[in-house]
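**Student:** Below is the file upload.cif, with mmCIF, C-alpha atoms and all ligand atoms.
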```cif
data_entry
#
loop_
_atom_site.label_atom_id
_atom_site.label_comp_id
_atom_site.auth_asym_id
_atom_site.auth_seq_id
_atom_site.Cartn_x
_atom_site.Cartn_y
_atom_site.Cartn_z
CA MET W 4 -14.24 125.56 67.81
CA SER W 5 -12.93 123.00 70.21
CA PHE W 6 -13.09 119.25 70.70
CA SER W 7 -15.84 118.07 73.03
CA PHE W 8 -17.91 115.03 73.95
CA SER W 9 -21.49 115.02 75.21
CA LEU W 10 -23.50 112.01 76.33
CA ASN W 11 -27.15 112.05 75.24
CA ALA W 12 -28.38 108.85 76.88
CA THR W 13 -27.23 105.74 78.69
CA ASP W 14 -28.85 102.32 79.03
CA GLY W 15 -27.03 100.09 81.50
CA ALA W 16 -23.36 100.58 80.67
CA ALA W 17 -24.16 101.42 77.01
CA ARG W 18 -23.92 105.07 76.02
CA THR W 19 -24.86 107.26 73.06
CA GLY W 20 -23.59 110.77 72.44
CA VAL W 21 -21.76 113.09 70.09
CA ILE W 22 -18.10 114.01 69.71
CA SER W 23 -17.85 117.53 68.29
CA THR W 24 -14.80 118.56 66.27
CA PRO W 25 -14.12 121.50 63.94
CA ARG W 26 -14.42 119.01 61.03
CA GLY W 27 -17.82 117.73 62.02
CA GLU W 28 -19.71 115.65 64.53
CA ILE W 29 -19.12 111.98 65.29
CA ARG W 30 -22.22 110.14 66.51
CA THR W 31 -21.39 107.51 69.12
CA PRO W 32 -21.21 104.60 69.39
CA ALA W 33 -19.21 105.07 66.18
CA PHE W 34 -17.59 102.61 63.81
CA MET W 35 -14.52 103.94 61.97
CA PRO W 36 -13.70 102.35 58.58
CA VAL W 37 -9.98 101.83 58.16
CA GLY W 38 -8.24 103.91 55.48
CA THR W 39 -4.81 102.36 55.87
CA ALA W 40 -2.90 103.95 53.00
CA ALA W 41 -5.01 107.12 52.63
CA THR W 42 -7.86 105.13 51.08
CA VAL W 43 -10.58 102.80 52.30
CA LYS W 44 -9.76 100.10 49.77
CA ALA W 45 -12.24 99.77 46.87
CA MET W 46 -14.28 102.81 48.03
CA MET W 47 -14.49 106.45 46.96
CA PRO W 48 -14.47 108.75 50.01
CA GLU W 49 -17.95 110.08 49.12
CA SER W 50 -19.21 106.49 49.05
CA VAL W 51 -17.73 105.85 52.49
CA ARG W 52 -19.62 108.90 53.71
CA GLN W 53 -22.83 107.60 52.10
CA THR W 54 -22.58 104.43 54.19
CA GLY W 55 -22.95 106.71 57.23
CA ALA W 56 -19.34 106.97 58.44
CA ASP W 57 -18.59 110.15 60.40
CA ILE W 58 -14.87 109.46 60.83
CA LEU W 59 -12.09 107.40 59.25
CA LEU W 60 -8.98 105.82 60.69
CA GLY W 61 -5.56 106.33 59.08
CA ASN W 62 -2.44 104.30 59.84
CA THR W 63 0.65 106.25 60.88
CA TYR W 64 3.03 103.34 60.18
CA HIS W 65 1.90 102.93 56.56
CA LEU W 66 1.70 106.65 55.79
CA MET W 67 5.11 107.49 57.31
CA LEU W 68 6.73 104.88 55.06
CA ARG W 69 4.75 105.72 51.93
CA PRO W 70 4.25 108.48 50.82
CA SER W 71 5.73 109.92 54.10
CA ALA W 72 4.18 112.37 56.55
CA GLU W 73 6.36 115.21 55.27
CA ARG W 74 5.09 114.75 51.71
CA ILE W 75 1.46 114.62 52.84
CA ASP W 76 2.05 117.80 54.84
CA ARG W 77 3.54 119.55 51.78
CA LEU W 78 0.47 118.50 49.80
CA GLY W 79 -1.90 120.09 52.31
CA GLY W 80 -2.44 117.36 54.89
CA LEU W 81 -4.18 113.98 54.88
CA HIS W 82 -7.76 115.30 54.59
CA LYS W 83 -6.99 117.19 51.38
CA PHE W 84 -4.64 114.50 50.06
CA MET W 85 -7.29 111.75 50.26
CA ASN W 86 -10.34 113.97 49.69
CA TRP W 87 -12.01 113.29 53.07
CA GLU W 88 -13.07 116.51 54.78
CA ARG W 89 -14.49 114.94 57.92
CA PRO W 90 -12.64 113.85 61.07
CA ILE W 91 -9.71 111.43 60.88
CA LEU W 92 -8.22 109.44 63.75
CA THR W 93 -4.67 108.18 63.33
CA ASP W 94 -3.09 105.38 65.32
CA SER W 95 0.36 105.95 66.80
CA GLY W 96 2.24 103.47 64.64
CA GLY W 97 3.28 101.34 67.61
CA PHE W 98 0.97 98.41 67.04
CA GLN W 99 1.80 98.08 63.35
CA VAL W 100 5.54 98.36 63.90
CA MET W 101 5.16 95.34 66.16
CA SER W 102 3.02 93.39 63.71
CA LEU W 103 4.55 94.33 60.33
CA ALA W 104 8.12 95.63 60.55
CA SER W 105 11.24 93.51 60.82
CA LEU W 106 14.38 93.89 62.96
CA ARG W 107 12.55 95.81 65.65
CA LYS W 108 14.52 97.13 68.58
CA LEU W 109 12.63 98.41 71.58
CA THR W 110 14.28 100.77 74.07
CA GLU W 111 13.09 103.31 76.64
CA LYS W 112 13.45 105.96 73.94
CA GLY W 113 11.25 104.25 71.31
CA VAL W 114 11.37 101.66 68.54
CA THR W 115 13.75 101.31 65.60
CA PHE W 116 12.77 99.01 62.77
CA LYS W 117 13.14 98.14 59.11
CA SER W 118 10.34 98.98 56.68
CA HIS W 119 8.39 95.97 55.40
CA ILE W 120 8.27 97.73 52.00
CA ASP W 121 11.91 98.45 51.16
CA GLY W 122 13.96 97.51 54.21
CA SER W 123 14.84 101.16 55.02
CA LYS W 124 15.60 101.97 58.68
CA HIS W 125 13.23 104.11 60.76
CA GLU W 126 12.65 105.19 64.33
CA ILE W 127 9.41 106.03 66.12
CA THR W 128 9.48 107.62 69.53
CA PRO W 129 6.52 109.20 71.33
CA GLU W 130 7.81 112.60 70.13
CA ARG W 131 8.17 111.45 66.51
CA SER W 132 4.73 109.81 66.56
CA MET W 133 3.18 113.11 67.72
CA GLU W 134 5.11 114.97 64.99
CA ILE W 135 3.96 112.56 62.26
CA GLN W 136 0.32 112.68 63.36
CA LYS W 137 0.50 116.49 63.41
CA LEU W 138 2.00 116.56 59.90
CA LEU W 139 -0.86 114.32 58.73
CA GLY W 140 -3.33 116.79 60.28
CA SER W 141 -5.11 114.10 62.28
CA ASP W 142 -8.08 115.26 64.38
CA ILE W 143 -7.75 112.51 66.97
CA VAL W 144 -4.16 111.57 67.75
CA MET W 145 -3.29 108.39 69.62
CA ALA W 146 -0.55 108.29 72.25
CA PHE W 147 2.43 106.11 71.34
CA ASP W 148 2.30 102.80 73.18
CA GLU W 149 3.61 99.27 73.19
CA CYS W 150 1.26 96.31 73.15
CA PRO W 151 2.42 92.79 73.92
CA ALA W 152 0.64 89.93 72.11
CA LEU W 153 -1.48 87.75 74.39
CA PRO W 154 -0.93 85.37 76.04
CA ALA W 155 2.06 86.94 77.80
CA ASP W 156 3.18 86.52 81.39
CA ARG W 157 2.19 89.05 84.02
CA GLU W 158 5.68 90.47 84.43
CA ARG W 159 5.98 91.17 80.70
CA ILE W 160 2.52 92.80 80.65
CA ALA W 161 3.28 94.96 83.71
CA GLU W 162 6.65 96.08 82.36
CA SER W 163 5.16 96.91 78.96
CA MET W 164 2.22 98.79 80.49
CA ARG W 165 4.54 100.94 82.65
CA LEU W 166 6.69 101.75 79.61
CA SER W 167 3.51 102.73 77.73
CA MET W 168 2.49 105.01 80.62
CA ARG W 169 5.87 106.79 80.52
CA TRP W 170 5.39 107.13 76.75
CA ALA W 171 1.85 108.44 77.36
CA GLN W 172 3.32 111.27 79.45
CA ARG W 173 5.91 112.00 76.74
CA SER W 174 3.15 111.94 74.09
CA ARG W 175 1.10 114.46 76.14
CA ASP W 176 4.16 116.73 76.55
CA ALA W 177 5.02 116.56 72.83
CA PHE W 178 1.43 117.00 71.60
CA GLY W 179 1.45 120.60 72.78
CA ASP W 180 -1.45 123.04 72.64
CA ARG W 181 -3.58 122.25 69.57
CA PRO W 182 -7.12 123.62 69.91
CA GLY W 183 -9.70 121.52 68.05
CA HIS W 184 -7.45 118.45 68.07
CA ALA W 185 -7.56 115.66 70.61
CA LEU W 186 -5.00 113.32 72.13
CA PHE W 187 -6.24 109.95 73.40
CA GLY W 188 -4.37 107.91 76.01
CA ILE W 189 -4.31 104.11 75.75
CA GLN W 190 -4.98 101.84 78.71
CA GLN W 191 -2.88 98.68 78.82
CA GLY W 192 -2.51 95.83 81.31
CA GLY W 193 -3.64 92.76 79.38
CA LEU W 194 -6.28 90.77 81.21
CA GLU W 195 -4.97 91.76 84.67
CA ARG W 196 -7.57 93.89 86.40
CA ASP W 197 -5.18 95.57 88.87
CA LEU W 198 -2.72 96.45 86.08
CA ARG W 199 -5.61 97.94 84.05
CA GLU W 200 -6.54 100.04 87.09
CA GLU W 201 -2.93 101.17 87.60
CA SER W 202 -2.81 102.15 83.91
CA ALA W 203 -6.15 104.00 84.06
CA GLU W 204 -5.05 105.88 87.17
CA LYS W 205 -1.84 107.03 85.48
CA LEU W 206 -3.73 108.12 82.34
CA ARG W 207 -6.32 110.07 84.38
CA GLU W 208 -3.46 111.78 86.20
CA ILE W 209 -1.89 112.87 82.88
CA GLY W 210 -5.28 113.86 81.41
CA PHE W 211 -6.50 113.14 77.87
CA GLU W 212 -9.43 114.17 75.65
CA GLY W 213 -10.37 110.51 75.25
CA TYR W 214 -9.23 107.06 76.31
CA ALA W 215 -8.67 103.83 74.45
CA VAL W 216 -8.87 100.33 75.84
CA GLY W 217 -5.74 98.92 74.21
CA GLY W 218 -4.19 95.49 74.17
CA LEU W 219 -7.39 93.58 73.41
CA ALA W 220 -8.42 91.71 70.25
CA VAL W 221 -4.86 90.39 70.07
CA GLY W 222 -5.66 86.71 70.26
CA GLU W 223 -7.33 86.34 73.67
CA GLY W 224 -10.78 85.35 72.28
CA GLN W 225 -14.19 86.96 72.71
CA GLU W 226 -15.00 85.58 76.15
CA ALA W 227 -11.75 86.88 77.66
CA MET W 228 -12.18 90.21 75.87
CA PHE W 229 -15.71 90.66 77.22
CA GLY W 230 -14.47 89.62 80.66
CA CYS W 231 -11.98 92.50 80.54
CA LEU W 232 -14.56 94.91 79.12
CA ASP W 233 -16.83 94.12 82.07
CA TYR W 234 -14.56 96.38 84.15
CA ALA W 235 -12.00 98.21 81.93
CA PRO W 236 -14.26 100.97 80.49
CA GLY W 237 -15.55 101.72 84.00
CA GLN W 238 -11.98 102.43 85.14
CA LEU W 239 -11.78 105.28 82.59
CA PRO W 240 -13.44 108.72 82.95
CA GLN W 241 -17.23 108.71 82.38
CA ASP W 242 -17.26 112.04 80.57
CA LYS W 243 -14.72 111.22 77.83
CA PRO W 244 -15.00 108.99 74.75
CA ARG W 245 -13.81 105.40 75.14
CA TYR W 246 -12.30 103.68 72.13
CA LEU W 247 -11.79 99.95 71.68
CA MET W 248 -9.01 99.49 69.13
CA GLY W 249 -9.22 96.96 66.30
CA VAL W 250 -12.67 95.46 67.05
CA GLY W 251 -14.26 93.64 65.41
CA LYS W 252 -16.95 91.22 64.23
CA PRO W 253 -20.56 92.45 64.52
CA ASP W 254 -21.19 90.44 67.72
CA ASP W 255 -17.91 91.76 69.23
CA ILE W 256 -19.12 95.28 68.50
CA VAL W 257 -22.55 94.79 70.07
CA GLY W 258 -20.94 93.23 73.16
CA ALA W 259 -18.43 96.07 73.44
CA VAL W 260 -21.08 98.80 73.15
CA LYS W 261 -23.13 96.99 75.79
CA ARG W 262 -20.10 97.30 78.10
CA GLY W 263 -19.60 101.05 77.61
CA ILE W 264 -17.44 101.45 74.49
CA ASP W 265 -18.09 104.52 72.28
CA MET W 266 -15.75 104.05 69.29
CA MET W 267 -14.34 101.12 67.34
CA ASP W 268 -12.40 100.43 64.14
CA CYS W 269 -11.68 97.28 62.19
CA VAL W 270 -10.46 96.25 58.73
CA LEU W 271 -12.91 93.34 58.76
CA PRO W 272 -15.84 94.79 56.74
CA SER W 273 -13.55 96.14 54.02
CA ARG W 274 -11.07 93.25 53.99
CA SER W 275 -13.74 90.54 53.90
CA GLY W 276 -15.58 92.48 51.18
CA ARG W 277 -12.56 91.88 48.96
CA THR W 278 -12.67 88.13 49.53
CA GLY W 279 -16.35 87.57 48.72
CA GLN W 280 -17.55 87.60 52.32
CA ALA W 281 -20.63 89.61 53.27
CA TRP W 282 -21.81 90.51 56.78
CA THR W 283 -25.59 90.71 57.06
CA ARG W 284 -28.35 90.77 59.67
CA ARG W 285 -28.46 86.99 59.20
CA GLY W 286 -24.76 86.50 59.79
CA GLN W 287 -21.92 85.88 57.36
CA VAL W 288 -22.65 84.99 53.73
CA ASN W 289 -19.95 83.60 51.43
CA LEU W 290 -20.77 84.78 47.90
CA ARG W 291 -18.21 82.36 46.42
CA ASN W 292 -20.53 79.52 47.37
CA ALA W 293 -22.14 77.76 44.36
CA ARG W 294 -25.59 77.97 45.98
CA HIS W 295 -25.78 81.62 44.84
CA ALA W 296 -25.03 80.96 41.14
CA ASP W 297 -28.67 80.96 39.99
CA ASP W 298 -30.15 83.06 42.78
CA PRO W 299 -31.88 86.21 41.43
CA ARG W 300 -32.65 87.53 44.94
CA PRO W 301 -30.70 90.37 46.58
CA LEU W 302 -28.02 89.65 49.19
CA ASP W 303 -30.32 91.22 51.81
CA GLU W 304 -33.76 92.43 50.72
CA ALA W 305 -33.92 94.88 53.64
CA CYS W 306 -30.57 96.56 52.83
CA SER W 307 -30.57 99.78 50.81
CA CYS W 308 -26.91 99.67 49.73
CA PRO W 309 -26.17 99.54 45.96
CA ALA W 310 -25.04 95.89 46.10
CA CYS W 311 -28.41 94.82 47.54
CA ALA W 312 -30.66 97.37 45.80
CA ARG W 313 -29.37 96.86 42.24
CA TYR W 314 -27.73 93.42 41.96
CA SER W 315 -28.63 89.79 42.50
CA ARG W 316 -26.78 87.16 44.50
CA ALA W 317 -26.13 85.47 41.16
CA TYR W 318 -24.34 88.58 39.84
CA LEU W 319 -22.33 89.05 43.04
CA HIS W 320 -21.35 85.37 42.90
CA HIS W 321 -20.29 85.75 39.27
CA VAL W 322 -18.08 88.82 39.82
CA VAL W 323 -16.52 87.32 42.96
CA ARG W 324 -15.68 84.11 41.09
CA SER W 325 -14.39 86.09 38.07
CA GLN W 326 -12.28 88.26 40.38
CA GLU W 327 -13.77 91.40 38.89
CA MET W 328 -12.93 94.63 40.75
CA ILE W 329 -16.60 95.46 41.14
CA ALA W 330 -16.93 92.46 43.46
CA GLY W 331 -14.70 94.09 46.07
CA MET W 332 -16.35 97.47 45.48
CA LEU W 333 -19.92 96.21 45.95
CA LEU W 334 -19.24 93.92 48.90
CA THR W 335 -17.09 96.48 50.72
CA TRP W 336 -19.90 99.01 50.27
CA HIS W 337 -22.46 96.54 51.57
CA ASN W 338 -20.33 95.54 54.57
CA LEU W 339 -19.59 99.13 55.57
CA HIS W 340 -23.28 99.99 55.11
CA TYR W 341 -24.28 97.05 57.32
CA TYR W 342 -21.78 98.06 60.03
CA GLN W 343 -23.05 101.65 60.02
CA GLU W 344 -26.67 100.46 60.19
CA LEU W 345 -25.71 98.33 63.15
CA MET W 346 -24.22 101.37 64.89
CA GLY W 347 -27.28 103.50 64.06
CA GLY W 348 -29.55 100.78 65.42
CA MET W 349 -27.61 100.69 68.68
CA ARG W 350 -27.63 104.48 69.01
CA ALA W 351 -31.42 104.52 68.58
CA ALA W 352 -31.90 101.60 70.98
CA ILE W 353 -29.80 103.23 73.71
CA ALA W 354 -31.71 106.51 73.27
CA ALA W 355 -34.99 104.55 73.59
CA GLN W 356 -33.70 102.58 76.62
CA ASP W 357 -34.11 99.37 74.62
CA PHE W 358 -30.57 98.05 74.26
CA ALA W 359 -31.53 94.66 75.72
CA GLY W 360 -34.32 94.35 73.14
CA PHE W 361 -31.96 95.34 70.35
CA GLU W 362 -29.39 92.80 71.48
CA ALA W 363 -32.01 90.02 71.67
CA ARG W 364 -33.28 90.79 68.14
CA PHE W 365 -29.69 91.00 66.83
CA HIS W 366 -28.83 87.53 68.12
CA ALA W 367 -32.22 85.99 67.17
CA GLN W 368 -31.88 87.15 63.56
CA ARG W 369 -28.34 85.80 63.27
CA ALA W 370 -29.42 82.49 64.79
CA GLU W 371 -31.95 82.06 61.95
CA GLY W 372 -29.07 82.03 59.49
CA ASP W 373 -29.09 82.94 55.79
CA ILE W 374 -32.27 82.69 53.67
CA GLU W 375 -33.21 79.21 52.43
CA ARG W 376 -31.48 78.24 49.20
CA LEU W 377 -33.63 78.20 46.08
ZN ZN I 1 -26.45 95.73 51.19
#
```
Could you express the structure from this file as structure tokens?
**Tutor:**
Amino acid sequence: MSFSFSLNATDGAARTGVISTPRGEIRTPAFMPVGTAATVKAMMPESVRQTGADILLGNTYHLMLRPSAERIDRLGGLHKFMNWERPILTDSGGFQVMSLASLRKLTEKGVTFKSHIDGSKHEITPERSMEIQKLLGSDIVMAFDECPALPADRERIAESMRLSMRWAQRSRDAFGDRPGHALFGIQQGGLERDLREESAEKLREIGFEGYAVGGLAVGEGQEAMFGCLDYAPGQLPQDKPRYLMGVGKPDDIVGAVKRGIDMMDCVLPSRSGRTGQAWTRRGQVNLRNARHADDPRPLDEACSCPACARYSRAYLHHVVRSQEMIAGMLLTWHNLHYYQELMGGMRAAIAAQDFAGFEARFHAQRAEGDIERL
């Protein structure tokens, strides 16, 4: 069985469809929980699946350093290693080398750096990134790219984008013929429309199974990001999945889907779950807040996740304050459940040609804010 993408419906620029892979279908628009070190922190894989996730994201940079791609390969690949049978997308390692490693040296060939864990020296090139992602057994492999932090001047962005396009070609050449697996190219060009178009043209020329809008959510702010998304997805092929990397908050996600994005990932729901923050239909709720201490009501009475169905705000507040492990477990579950419900709601709305109505209800409910305190 091969990798394919079919669109079921569109509403304005928003799209809903299905990505088919030998490891299962991915309903789009899709949110991918982040399983950095071969685990979505605080969650069992079967629980992640129960929230409605069709696909996980794994981080090449983290896994190559510990426990190493070669070890995971010897142990049967990442799916078996972490007990997740469904599709996995891996990033190329480039972004995290830039954000986490020290003593980085960037050349035409690739990047050398020191591990943030033990200081050991490593190199990632487009060829090595393809090799690592193959050893991991990733279903969707990302091309190796370089992403400058914004703001950056136009010359720096152009130079970096052209290097990434040469690396995209080398990634395509090194990926080889792998039926059932996909390689996604990554569009760069910052907030410069003509550079985005030049990048998209080069990627279309090389040819990929999917395309990411890269280089956003790196400090430019929502308004600038949406400004770029007003044209960037339209520069990429209509008939292939479009992935916005590292986004985001619920309102970022709704705005991105509205503009034609099919896939997203973000650590936010899992990371904030470990710090007592919940994302709900009514916006963000901080369970550390003393107002919850005597509140017997659920976090969200309309949510069917275990945190909402079986526990009170008072209990969640107590375990957050006591730093009990179950606090991170319950709130991560709730946040991932909420994100997946949001995606499901958007898929249904696009299919029913009611995305505008969905968006209006989404914003109206958040504007109301959290339930009145007792
Ligand atoms: Zn819940």
**Student:** What's the 7 Å shell around range 169-176 of chain W, counting all atoms listed in the file, without same-chain residues fewer than 2 positions away, as a list in words?
**Tutor:**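 The neighbour list is Pro129, Glu130, Met133, Ala146, Phe147, Asp148, Arg165, Leu166, Ser167, Phe178, Gly179, Gly188 and Ile209 of chain W.
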**Student:** My list of candidates is W:Val250, W:Cys306, W:Val221, W:Leu290. Which is closest to ligand ZN 1 (chain I) when distances are computed with all atoms listed in the file?
**Tutor:**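 Using all atoms listed in the file, ligand ZN 1 (chain I) sits closest to W:Cys306.
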**Student:** List the spatial neighbours of range 261-269 of chain W as a PyMOL selection string - criterion: any atom at most 10 Å away, all atoms listed in the file, same-chain residues fewer than 3 positions off excluded.
**Tutor:** chain W and resi 13-22+29-37+58-60+92+215-216+229-237+241+243-252+255-258+272-274+346+349+353+358-359+362
**Student:** Please identify every polymer residue within 8 Å of ligand ZN 1 (chain I), using only C-alpha atoms and all ligand atoms, and present the set as a ChimeraX atom specification.
**Tutor:** /W:283,302-303,305-312,334,336-338,340-341
**Student:** So which one's closest to Gly140 in chain W, W:Arg89, W:His125, W:His119, W:Arg159? Using all atoms listed in the file, please.
**Tutor:**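 For Gly140 in chain W, the nearest of the given residues is W:Arg89.
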**Student:** If you measure from CA of Ser9 in chain W to CA of Arg52 in chain W, what distance in Å do you get, rounded to one decimal?
**Tutor:**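 Between CA of Ser9 in chain W and CA of Arg52 in chain W the gap is 22.4 Å.
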**Student:** Separation of CA of Ala152 in chain W and CA of Gln99 in chain W, in Å?
**Tutor:**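 About the pair CA of Ala152 in chain W and CA of Gln99 in chain W: they are 12.0 Å apart.
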**Student:** Quick one: pull the distance between CA of Gly348 in chain W and CA of Ser141 in chain W, Å, one decimal.
**Tutor:**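 It comes out at 28.0 Å.
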**Student:** Which residues, protein or nucleic acid, reach to within 7 Å of (-5.7, 105.0, 58.8) in the file's coordinates when using all atoms listed in the file, and can you give that as a PyMOL selection string?
**Tutor:** chain W and resi 37-41+59-63+93
**Student:** Deliver the residues from the most recent selection as a file, using C-alpha atoms, as a PDB file, in the frame of the given file.
**Tutor:**
```pdb
ATOM      1  CA  VAL W  37      -9.980 101.830  58.160  1.00  0.00           C
ATOM      2  CA  GLY W  38      -8.240 103.910  55.480  1.00  0.00           C
ATOM      3  CA  THR W  39      -4.810 102.360  55.870  1.00  0.00           C
ATOM      4  CA  ALA W  40      -2.900 103.950  53.000  1.00  0.00           C
ATOM      5  CA  ALA W  41      -5.010 107.120  52.630  1.00  0.00           C
ATOM      6  CA  LEU W  59     -12.090 107.400  59.250  1.00  0.00           C
ATOM      7  CA  LEU W  60      -8.980 105.820  60.690  1.00  0.00           C
ATOM      8  CA  GLY W  61      -5.560 106.330  59.080  1.00  0.00           C
ATOM      9  CA  ASN W  62      -2.440 104.300  59.840  1.00  0.00           C
ATOM     10  CA  THR W  63       0.650 106.250  60.880  1.00  0.00           C
ATOM     11  CA  THR W  93      -4.670 108.180  63.330  1.00  0.00           C
TER      12      THR W  93
END
```
**Student:** Tell me, as an MDAnalysis selection string, which residues lie within 12 Å of Ile374 in chain W, counting all atoms listed in the file; anything in the same chain fewer than 5 positions away does not count.
**Tutor:** chainID W and resid 283:288 294:295 298 300:304 316 368:369
**Student:** Since the input lacks atoms, please generate all heavy atoms for range 255-262 of chain W and provide them as a PDB file, keeping the file's coordinate frame.
**Tutor:**
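The result, written out as part.pdb:
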```pdb
ATOM      1  N   ASP W 255     -18.896  91.122  68.347  1.00  0.00           N
ATOM      2  CA  ASP W 255     -17.910  91.760  69.230  1.00  0.00           C
ATOM      3  C   ASP W 255     -18.324  93.206  69.487  1.00  0.00           C
ATOM      4  O   ASP W 255     -18.222  93.719  70.609  1.00  0.00           O
ATOM      5  CB  ASP W 255     -16.525  91.801  68.578  1.00  0.00           C
ATOM      6  CG  ASP W 255     -15.913  90.429  68.360  1.00  0.00           C
ATOM      7  OD1 ASP W 255     -16.216  89.509  69.142  1.00  0.00           O
ATOM      8  OD2 ASP W 255     -15.128  90.290  67.400  1.00  0.00           O
ATOM      9  N   ILE W 256     -18.775  93.872  68.419  1.00  0.00           N
ATOM     10  CA  ILE W 256     -19.120  95.280  68.500  1.00  0.00           C
ATOM     11  C   ILE W 256     -20.334  95.495  69.403  1.00  0.00           C
ATOM     12  O   ILE W 256     -20.335  96.381  70.264  1.00  0.00           O
ATOM     13  CB  ILE W 256     -19.350  95.840  67.072  1.00  0.00           C
ATOM     14  CG1 ILE W 256     -17.987  95.939  66.379  1.00  0.00           C
ATOM     15  CG2 ILE W 256     -20.063  97.172  67.100  1.00  0.00           C
ATOM     16  CD1 ILE W 256     -18.032  96.502  64.990  1.00  0.00           C
ATOM     17  N   VAL W 257     -21.349  94.659  69.228  1.00  0.00           N
ATOM     18  CA  VAL W 257     -22.550  94.790  70.070  1.00  0.00           C
ATOM     19  C   VAL W 257     -22.190  94.546  71.538  1.00  0.00           C
ATOM     20  O   VAL W 257     -22.602  95.297  72.432  1.00  0.00           O
ATOM     21  CB  VAL W 257     -23.661  93.829  69.578  1.00  0.00           C
ATOM     22  CG1 VAL W 257     -24.827  93.797  70.551  1.00  0.00           C
ATOM     23  CG2 VAL W 257     -24.155  94.255  68.186  1.00  0.00           C
ATOM     24  N   GLY W 258     -21.358  93.526  71.781  1.00  0.00           N
ATOM     25  CA  GLY W 258     -20.940  93.230  73.160  1.00  0.00           C
ATOM     26  C   GLY W 258     -20.091  94.328  73.769  1.00  0.00           C
ATOM     27  O   GLY W 258     -20.162  94.591  74.975  1.00  0.00           O
ATOM     28  N   ALA W 259     -19.280  94.995  72.946  1.00  0.00           N
ATOM     29  CA  ALA W 259     -18.430  96.070  73.440  1.00  0.00           C
ATOM     30  C   ALA W 259     -19.255  97.314  73.764  1.00  0.00           C
ATOM     31  O   ALA W 259     -19.052  97.962  74.797  1.00  0.00           O
ATOM     32  CB  ALA W 259     -17.352  96.410  72.410  1.00  0.00           C
ATOM     33  N   VAL W 260     -20.212  97.633  72.899  1.00  0.00           N
ATOM     34  CA  VAL W 260     -21.080  98.800  73.150  1.00  0.00           C
ATOM     35  C   VAL W 260     -21.897  98.561  74.421  1.00  0.00           C
ATOM     36  O   VAL W 260     -22.048  99.459  75.256  1.00  0.00           O
ATOM     37  CB  VAL W 260     -21.994  99.067  71.933  1.00  0.00           C
ATOM     38  CG1 VAL W 260     -23.097 100.064  72.286  1.00  0.00           C
ATOM     39  CG2 VAL W 260     -21.164  99.589  70.761  1.00  0.00           C
ATOM     40  N   LYS W 261     -22.381  97.351  74.590  1.00  0.00           N
ATOM     41  CA  LYS W 261     -23.130  96.990  75.790  1.00  0.00           C
ATOM     42  C   LYS W 261     -22.322  97.264  77.058  1.00  0.00           C
ATOM     43  O   LYS W 261     -22.863  97.609  78.103  1.00  0.00           O
ATOM     44  CB  LYS W 261     -23.474  95.496  75.719  1.00  0.00           C
ATOM     45  CG  LYS W 261     -24.210  94.938  76.915  1.00  0.00           C
ATOM     46  CD  LYS W 261     -24.348  93.428  76.769  1.00  0.00           C
ATOM     47  CE  LYS W 261     -25.144  92.835  77.932  1.00  0.00           C
ATOM     48  NZ  LYS W 261     -25.370  91.392  77.698  1.00  0.00           N
ATOM     49  N   ARG W 262     -20.985  97.132  76.942  1.00  0.00           N
ATOM     50  CA  ARG W 262     -20.100  97.300  78.100  1.00  0.00           C
ATOM     51  C   ARG W 262     -19.504  98.704  78.211  1.00  0.00           C
ATOM     52  O   ARG W 262     -18.567  98.915  78.976  1.00  0.00           O
ATOM     53  CB  ARG W 262     -19.021  96.217  78.049  1.00  0.00           C
ATOM     54  CG  ARG W 262     -19.590  94.815  78.288  1.00  0.00           C
ATOM     55  CD  ARG W 262     -18.596  93.699  77.958  1.00  0.00           C
ATOM     56  NE  ARG W 262     -19.125  92.389  78.361  1.00  0.00           N
ATOM     57  CZ  ARG W 262     -19.984  91.667  77.643  1.00  0.00           C
ATOM     58  NH1 ARG W 262     -20.395  92.122  76.476  1.00  0.00           N
ATOM     59  NH2 ARG W 262     -20.433  90.512  78.082  1.00  0.00           N
TER      60      ARG W 262
END
```
